[in-house]
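Text of run28.cif (mmCIF, N, CA and C atoms) as supplied:
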data_target
#
loop_
_atom_site.label_atom_id
_atom_site.label_comp_id
_atom_site.auth_asym_id
_atom_site.auth_seq_id
_atom_site.Cartn_x
_atom_site.Cartn_y
_atom_site.Cartn_z
N GLU A 1 9.34 13.92 4.33
CA GLU A 1 8.13 13.17 4.59
C GLU A 1 8.47 11.99 5.49
N GLN A 2 7.67 11.79 6.52
CA GLN A 2 7.92 10.70 7.46
C GLN A 2 7.23 9.42 7.00
N VAL A 3 7.91 8.32 7.18
CA VAL A 3 7.35 7.01 6.89
C VAL A 3 6.60 6.54 8.12
N PRO A 4 5.35 6.07 7.95
CA PRO A 4 4.63 5.56 9.14
C PRO A 4 5.45 4.50 9.84
N GLU A 5 5.42 4.54 11.17
CA GLU A 5 6.26 3.61 11.92
C GLU A 5 5.82 2.16 11.76
N GLN A 6 4.60 1.92 11.24
CA GLN A 6 4.15 0.55 11.06
C GLN A 6 4.81 -0.11 9.85
N VAL A 7 5.50 0.66 9.06
CA VAL A 7 6.11 0.12 7.85
C VAL A 7 7.62 0.21 7.96
N VAL A 8 8.28 -0.87 7.67
CA VAL A 8 9.73 -0.85 7.61
C VAL A 8 10.11 -1.13 6.18
N GLU A 9 10.85 -0.21 5.61
CA GLU A 9 11.32 -0.38 4.24
C GLU A 9 12.77 -0.85 4.29
N LEU A 10 13.04 -1.95 3.68
CA LEU A 10 14.41 -2.46 3.63
C LEU A 10 14.93 -2.25 2.22
N ARG A 11 15.89 -1.38 2.09
CA ARG A 11 16.47 -1.13 0.78
C ARG A 11 17.59 -2.13 0.56
N ALA A 12 17.30 -3.11 -0.27
CA ALA A 12 18.21 -4.23 -0.46
C ALA A 12 19.11 -3.99 -1.65
N ARG A 13 20.33 -3.56 -1.39
CA ARG A 13 21.35 -3.45 -2.44
C ARG A 13 22.22 -4.68 -2.35
N VAL A 14 22.90 -4.98 -3.43
CA VAL A 14 23.69 -6.21 -3.48
C VAL A 14 24.62 -6.33 -2.28
N ARG A 15 25.36 -5.28 -1.98
CA ARG A 15 26.34 -5.39 -0.88
C ARG A 15 25.68 -5.33 0.50
N GLU A 16 24.39 -4.97 0.56
CA GLU A 16 23.70 -4.87 1.84
C GLU A 16 22.68 -5.97 2.05
N ILE A 17 22.47 -6.82 1.07
CA ILE A 17 21.35 -7.77 1.13
C ILE A 17 21.43 -8.68 2.35
N LEU A 18 22.60 -9.16 2.70
CA LEU A 18 22.69 -10.04 3.86
C LEU A 18 22.35 -9.31 5.15
N ARG A 19 22.82 -8.07 5.26
CA ARG A 19 22.49 -7.30 6.46
C ARG A 19 20.98 -7.07 6.54
N ASP A 20 20.35 -6.74 5.41
CA ASP A 20 18.91 -6.51 5.41
C ASP A 20 18.15 -7.77 5.78
N HIS A 21 18.61 -8.89 5.29
CA HIS A 21 17.95 -10.15 5.64
C HIS A 21 18.11 -10.43 7.13
N ARG A 22 19.28 -10.13 7.68
CA ARG A 22 19.47 -10.34 9.12
C ARG A 22 18.53 -9.42 9.91
N LEU A 23 18.33 -8.19 9.44
CA LEU A 23 17.41 -7.28 10.11
C LEU A 23 15.99 -7.84 10.05
N ALA A 24 15.59 -8.34 8.89
CA ALA A 24 14.26 -8.92 8.75
C ALA A 24 14.10 -10.11 9.69
N GLU A 25 15.12 -10.96 9.77
CA GLU A 25 15.07 -12.11 10.68
C GLU A 25 14.91 -11.65 12.12
N ALA A 26 15.65 -10.63 12.50
CA ALA A 26 15.56 -10.12 13.88
C ALA A 26 14.17 -9.54 14.16
N LEU A 27 13.61 -8.82 13.19
CA LEU A 27 12.26 -8.27 13.37
C LEU A 27 11.24 -9.39 13.56
N ARG A 28 11.38 -10.45 12.83
CA ARG A 28 10.44 -11.57 12.91
C ARG A 28 10.56 -12.34 14.23
N ARG A 29 11.74 -12.36 14.82
CA ARG A 29 11.94 -13.08 16.09
C ARG A 29 11.38 -12.32 17.29
N ASP A 30 11.26 -11.02 17.19
CA ASP A 30 10.80 -10.19 18.31
C ASP A 30 9.28 -10.06 18.28
N ASP A 31 8.61 -10.45 19.36
CA ASP A 31 7.15 -10.37 19.41
C ASP A 31 6.63 -8.96 19.17
N ASN A 32 7.40 -7.94 19.53
CA ASN A 32 6.97 -6.56 19.35
C ASN A 32 7.03 -6.09 17.90
N THR A 33 7.81 -6.76 17.08
CA THR A 33 7.99 -6.32 15.69
C THR A 33 7.65 -7.39 14.65
N ALA A 34 7.27 -8.56 15.11
CA ALA A 34 7.07 -9.69 14.20
C ALA A 34 5.98 -9.44 13.16
N GLN A 35 5.02 -8.59 13.47
CA GLN A 35 3.90 -8.37 12.55
C GLN A 35 4.07 -7.13 11.67
N ILE A 36 5.22 -6.48 11.74
CA ILE A 36 5.45 -5.31 10.89
C ILE A 36 5.54 -5.76 9.44
N PRO A 37 4.76 -5.14 8.55
CA PRO A 37 4.86 -5.51 7.14
C PRO A 37 6.22 -5.11 6.56
N LEU A 38 6.83 -6.03 5.83
CA LEU A 38 8.13 -5.76 5.22
C LEU A 38 7.99 -5.70 3.71
N ILE A 39 8.60 -4.68 3.12
CA ILE A 39 8.65 -4.53 1.67
C ILE A 39 10.11 -4.27 1.32
N PHE A 40 10.71 -5.19 0.59
CA PHE A 40 12.09 -5.01 0.14
C PHE A 40 12.08 -4.22 -1.16
N ILE A 41 13.00 -3.26 -1.28
CA ILE A 41 13.19 -2.50 -2.52
C ILE A 41 14.64 -2.68 -2.94
N SER A 42 14.83 -3.14 -4.18
CA SER A 42 16.17 -3.44 -4.66
C SER A 42 16.43 -2.80 -6.01
N GLY A 43 17.67 -2.46 -6.24
CA GLY A 43 18.09 -1.93 -7.53
C GLY A 43 18.43 -3.03 -8.52
N GLU A 44 18.35 -4.28 -8.09
CA GLU A 44 18.73 -5.39 -8.96
C GLU A 44 17.67 -6.48 -8.90
N HIS A 45 17.25 -6.94 -10.07
CA HIS A 45 16.33 -8.07 -10.11
C HIS A 45 17.15 -9.34 -9.89
N ASN A 46 16.93 -9.98 -8.76
CA ASN A 46 17.67 -11.18 -8.41
C ASN A 46 16.68 -12.18 -7.81
N PRO A 47 16.33 -13.23 -8.55
CA PRO A 47 15.33 -14.19 -8.05
C PRO A 47 15.71 -14.83 -6.71
N ASP A 48 16.99 -15.07 -6.47
CA ASP A 48 17.41 -15.66 -5.19
C ASP A 48 17.13 -14.71 -4.03
N ASN A 49 17.48 -13.43 -4.21
CA ASN A 49 17.23 -12.44 -3.16
C ASN A 49 15.73 -12.26 -2.94
N GLU A 50 14.97 -12.27 -4.04
CA GLU A 50 13.52 -12.13 -3.92
C GLU A 50 12.93 -13.31 -3.14
N ALA A 51 13.37 -14.51 -3.47
CA ALA A 51 12.87 -15.70 -2.77
C ALA A 51 13.22 -15.64 -1.29
N ARG A 52 14.42 -15.18 -0.98
CA ARG A 52 14.85 -15.06 0.42
C ARG A 52 13.99 -14.05 1.17
N ALA A 53 13.72 -12.91 0.54
CA ALA A 53 12.88 -11.88 1.17
C ALA A 53 11.48 -12.41 1.44
N ILE A 54 10.91 -13.09 0.47
CA ILE A 54 9.57 -13.63 0.64
C ILE A 54 9.56 -14.71 1.71
N SER A 55 10.62 -15.52 1.77
CA SER A 55 10.69 -16.57 2.80
C SER A 55 10.77 -15.97 4.20
N LEU A 56 11.24 -14.73 4.30
CA LEU A 56 11.31 -14.04 5.59
C LEU A 56 10.00 -13.33 5.92
N GLY A 57 9.01 -13.49 5.05
CA GLY A 57 7.71 -12.89 5.34
C GLY A 57 7.48 -11.54 4.70
N ALA A 58 8.35 -11.14 3.79
CA ALA A 58 8.13 -9.86 3.11
C ALA A 58 6.85 -9.93 2.28
N LEU A 59 6.10 -8.84 2.27
CA LEU A 59 4.90 -8.77 1.45
C LEU A 59 5.24 -8.64 -0.02
N ALA A 60 6.39 -8.01 -0.28
CA ALA A 60 6.77 -7.79 -1.67
C ALA A 60 8.26 -7.55 -1.77
N TYR A 61 8.77 -7.78 -2.97
CA TYR A 61 10.15 -7.48 -3.33
C TYR A 61 10.04 -6.65 -4.60
N VAL A 62 10.26 -5.36 -4.48
CA VAL A 62 10.07 -4.41 -5.57
C VAL A 62 11.42 -4.03 -6.14
N THR A 63 11.53 -4.05 -7.47
CA THR A 63 12.79 -3.66 -8.09
C THR A 63 12.67 -2.27 -8.70
N LYS A 64 13.80 -1.57 -8.72
CA LYS A 64 13.87 -0.24 -9.33
C LYS A 64 14.11 -0.40 -10.82
N PRO A 65 13.63 0.47 -11.64
CA PRO A 65 12.74 1.57 -11.26
C PRO A 65 11.34 1.03 -10.97
N PHE A 66 10.69 1.63 -10.01
CA PHE A 66 9.34 1.20 -9.66
C PHE A 66 8.38 2.35 -9.90
N ASP A 67 7.11 2.01 -9.96
CA ASP A 67 6.05 3.00 -10.17
C ASP A 67 5.64 3.55 -8.80
N PRO A 68 5.93 4.81 -8.50
CA PRO A 68 5.60 5.34 -7.17
C PRO A 68 4.14 5.17 -6.76
N PRO A 69 3.17 5.43 -7.63
CA PRO A 69 1.78 5.20 -7.20
C PRO A 69 1.50 3.73 -6.86
N ALA A 70 2.09 2.82 -7.61
CA ALA A 70 1.90 1.40 -7.31
C ALA A 70 2.52 1.04 -5.97
N LEU A 71 3.70 1.60 -5.67
CA LEU A 71 4.34 1.34 -4.38
C LEU A 71 3.50 1.94 -3.25
N ALA A 72 2.96 3.14 -3.47
CA ALA A 72 2.11 3.76 -2.45
C ALA A 72 0.89 2.90 -2.16
N LYS A 73 0.31 2.31 -3.20
CA LYS A 73 -0.84 1.42 -2.99
C LYS A 73 -0.43 0.16 -2.23
N LEU A 74 0.74 -0.36 -2.53
CA LEU A 74 1.25 -1.53 -1.83
C LEU A 74 1.44 -1.23 -0.34
N VAL A 75 2.01 -0.07 -0.03
CA VAL A 75 2.20 0.33 1.37
C VAL A 75 0.85 0.53 2.05
N ALA A 76 -0.08 1.20 1.36
CA ALA A 76 -1.41 1.43 1.93
C ALA A 76 -2.10 0.10 2.22
N SER A 77 -1.96 -0.85 1.31
CA SER A 77 -2.55 -2.18 1.51
C SER A 77 -1.93 -2.88 2.71
N ALA A 78 -0.61 -2.76 2.85
CA ALA A 78 0.08 -3.37 3.99
C ALA A 78 -0.42 -2.77 5.30
N LEU A 79 -0.60 -1.47 5.32
CA LEU A 79 -1.09 -0.82 6.54
C LEU A 79 -2.53 -1.20 6.83
N ALA A 80 -3.34 -1.29 5.78
CA ALA A 80 -4.74 -1.65 5.97
C ALA A 80 -4.87 -3.05 6.57
N ARG A 81 -4.00 -3.96 6.17
CA ARG A 81 -4.02 -5.31 6.73
C ARG A 81 -3.79 -5.30 8.22
N ARG A 82 -3.04 -4.30 8.67
CA ARG A 82 -2.74 -4.19 10.10
C ARG A 82 -3.77 -3.36 10.83
N GLY A 83 -4.76 -2.82 10.11
CA GLY A 83 -5.78 -2.00 10.73
C GLY A 83 -5.32 -0.57 10.98
N ALA A 84 -4.22 -0.18 10.31
CA ALA A 84 -3.72 1.18 10.48
C ALA A 84 -4.57 2.16 9.68
N ARG A 85 -4.45 3.42 10.01
CA ARG A 85 -5.17 4.48 9.32
C ARG A 85 -4.73 4.52 7.86
N PRO A 86 -5.68 4.58 6.92
CA PRO A 86 -5.31 4.61 5.50
C PRO A 86 -4.49 5.85 5.14
N ILE A 87 -3.62 5.68 4.17
CA ILE A 87 -2.81 6.78 3.66
C ILE A 87 -3.50 7.31 2.41
N PRO A 88 -3.77 8.63 2.35
CA PRO A 88 -4.38 9.17 1.12
C PRO A 88 -3.44 8.97 -0.07
N ILE A 89 -3.99 8.49 -1.17
CA ILE A 89 -3.21 8.29 -2.38
C ILE A 89 -3.75 9.19 -3.47
N ASP A 90 -2.89 10.04 -4.00
CA ASP A 90 -3.32 10.96 -5.07
C ASP A 90 -3.37 10.27 -6.39
#
Turn this file's structure into structure tokens for me.
Amino acid sequence: EQVPEQVVELRARVREILRDHRLAEALRRDDNTAQIPLIFISGEHNPDNEARAISLGALAYVTKPFDPPALAKLVASALARRGARPIPID
């Protein structure tokens, strides 16, 4: 299944969190990508990482295990904010 190009999912694992934050910072600096909705998904609940993600403009910081229908609604909401075509949710 393809992820719509309007959504960038950053999978934030402990050893990758700094790299993901640098990617988010780079996306925000570029006029072509600054408005892409960001949703961080992490396997660890870490308030510092969550605060950092939100400070970079992430719409959400979701921890695993997550509820797939709730995540689908979050992504659909992010796309709707951008005026993108809605994603059917079962």
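One distance worth recording is that between CA of Pro68 (chain A) and CA of Phe40 (chain A), which is 14.2 Å.
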- Point-to-point distance in Å for CA of Arg28 (chain A) and CA of Leu56 (chain A): 7.8 Å
- Message: Using DSSP secondary structure from the backbone, list all strand (DSSP E) positions within region 15-64 of chain A, as an MDAnalysis selection string.
- Response: chainID A and resid 38:42 60:63
- Would you list the contacts of region 44-52 of chain A as a PyMOL selection string, taking every protein, DNA or RNA residue within 7 Å and counting only C-alpha atoms, but skipping same-chain residues closer than 2 positions in sequence? chain A and resi 42+54-56+61+63
- Compare A:Ala26, A:Leu79, A:Ala70, A:Ala60 by their minimum atom-to-atom distance to Leu38 (chain A), counting all atoms listed in the file, and give me the closest one. A:Ala60
- Record the distance separating atom C of Gly57 (chain A) and CA of Ala24 (chain A), expressed in Å with one decimal.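 CA of Ala24 (chain A) lies 8.3 Å from atom C of Gly57 (chain A).
Proximity to Leu59 (chain A) was assessed for A:Gly43, A:Ala34, A:Arg29, A:Val75 counting only C-alpha atoms; the smallest distance is recorded for A:Val75.
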Provide an axis-aligned box for all listed atoms of region 25-28 of chain A, padding each side by 4 Å; report its centre and its edge lengths in Å to one decimal, as JSON.
{"center_x": 13.0, "center_y": -10.3, "center_z": 12.0, "size_x": 13.2, "size_y": 12.1, "size_z": 12.5}
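For the choices A:Leu27, A:Ile36, A:Val62, A:Ile41, the atom-to-atom distance to Ala78 (chain A) is smallest for A:Ile36 when using only C-alpha atoms.
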Give me region 47-69 of chain A with N, CA, C and O atoms filled in, as a compact mmCIF listing (two decimals), in the coordinates of the input.
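See part09.txt below for the written result:
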# COMPACT_ATOMS: atom_id res chain seq x y z
N PRO A 47 16.33 -13.23 -8.55
CA PRO A 47 15.33 -14.19 -8.05
C PRO A 47 15.71 -14.83 -6.71
O PRO A 47 14.83 -15.09 -5.89
N ASP A 48 16.99 -15.07 -6.47
CA ASP A 48 17.41 -15.66 -5.19
C ASP A 48 17.13 -14.71 -4.03
O ASP A 48 16.65 -15.13 -2.98
N ASN A 49 17.48 -13.43 -4.21
CA ASN A 49 17.23 -12.44 -3.16
C ASN A 49 15.73 -12.26 -2.94
O ASN A 49 15.26 -12.11 -1.81
N GLU A 50 14.97 -12.27 -4.04
CA GLU A 50 13.52 -12.13 -3.92
C GLU A 50 12.93 -13.31 -3.14
O GLU A 50 12.12 -13.12 -2.23
N ALA A 51 13.37 -14.51 -3.47
CA ALA A 51 12.87 -15.70 -2.77
C ALA A 51 13.22 -15.64 -1.29
O ALA A 51 12.41 -16.00 -0.43
N ARG A 52 14.42 -15.18 -0.98
CA ARG A 52 14.85 -15.06 0.42
C ARG A 52 13.99 -14.05 1.17
O ARG A 52 13.55 -14.29 2.29
N ALA A 53 13.72 -12.91 0.54
CA ALA A 53 12.88 -11.88 1.17
C ALA A 53 11.48 -12.41 1.44
O ALA A 53 10.94 -12.23 2.54
N ILE A 54 10.91 -13.09 0.47
CA ILE A 54 9.57 -13.63 0.64
C ILE A 54 9.56 -14.71 1.71
O ILE A 54 8.63 -14.79 2.52
N SER A 55 10.62 -15.52 1.77
CA SER A 55 10.69 -16.57 2.80
C SER A 55 10.77 -15.97 4.20
O SER A 55 10.40 -16.62 5.18
N LEU A 56 11.24 -14.73 4.30
CA LEU A 56 11.31 -14.04 5.59
C LEU A 56 10.00 -13.33 5.92
O LEU A 56 9.90 -12.64 6.93
N GLY A 57 9.01 -13.49 5.05
CA GLY A 57 7.71 -12.89 5.34
C GLY A 57 7.48 -11.54 4.70
O GLY A 57 6.52 -10.86 5.05
N ALA A 58 8.35 -11.14 3.79
CA ALA A 58 8.13 -9.86 3.11
C ALA A 58 6.85 -9.93 2.28
O ALA A 58 6.54 -10.96 1.68
N LEU A 59 6.10 -8.84 2.27
CA LEU A 59 4.90 -8.77 1.45
C LEU A 59 5.24 -8.64 -0.02
O LEU A 59 4.48 -9.05 -0.88
N ALA A 60 6.39 -8.01 -0.28
CA ALA A 60 6.77 -7.79 -1.67
C ALA A 60 8.26 -7.55 -1.77
O ALA A 60 8.92 -7.16 -0.81
N TYR A 61 8.77 -7.78 -2.97
CA TYR A 61 10.15 -7.48 -3.33
C TYR A 61 10.04 -6.65 -4.60
O TYR A 61 9.69 -7.16 -5.66
N VAL A 62 10.26 -5.36 -4.48
CA VAL A 62 10.07 -4.41 -5.57
C VAL A 62 11.42 -4.03 -6.14
O VAL A 62 12.35 -3.72 -5.38
N THR A 63 11.53 -4.05 -7.47
CA THR A 63 12.79 -3.66 -8.09
C THR A 63 12.67 -2.27 -8.70
O THR A 63 11.59 -1.84 -9.11
N LYS A 64 13.80 -1.57 -8.72
CA LYS A 64 13.87 -0.24 -9.33
C LYS A 64 14.11 -0.40 -10.82
O LYS A 64 14.79 -1.34 -11.23
N PRO A 65 13.63 0.47 -11.64
CA PRO A 65 12.74 1.57 -11.26
C PRO A 65 11.34 1.03 -10.97
O PRO A 65 10.90 0.06 -11.57
N PHE A 66 10.69 1.63 -10.01
CA PHE A 66 9.34 1.20 -9.66
C PHE A 66 8.38 2.35 -9.90
O PHE A 66 8.77 3.49 -10.04
N ASP A 67 7.11 2.01 -9.96
CA ASP A 67 6.05 3.00 -10.17
C ASP A 67 5.64 3.55 -8.80
O ASP A 67 5.08 2.79 -7.99
N PRO A 68 5.93 4.81 -8.50
CA PRO A 68 5.60 5.34 -7.17
C PRO A 68 4.14 5.17 -6.76
O PRO A 68 3.88 4.78 -5.62
N PRO A 69 3.17 5.43 -7.63
CA PRO A 69 1.78 5.20 -7.20
C PRO A 69 1.50 3.73 -6.86
O PRO A 69 0.77 3.44 -5.91
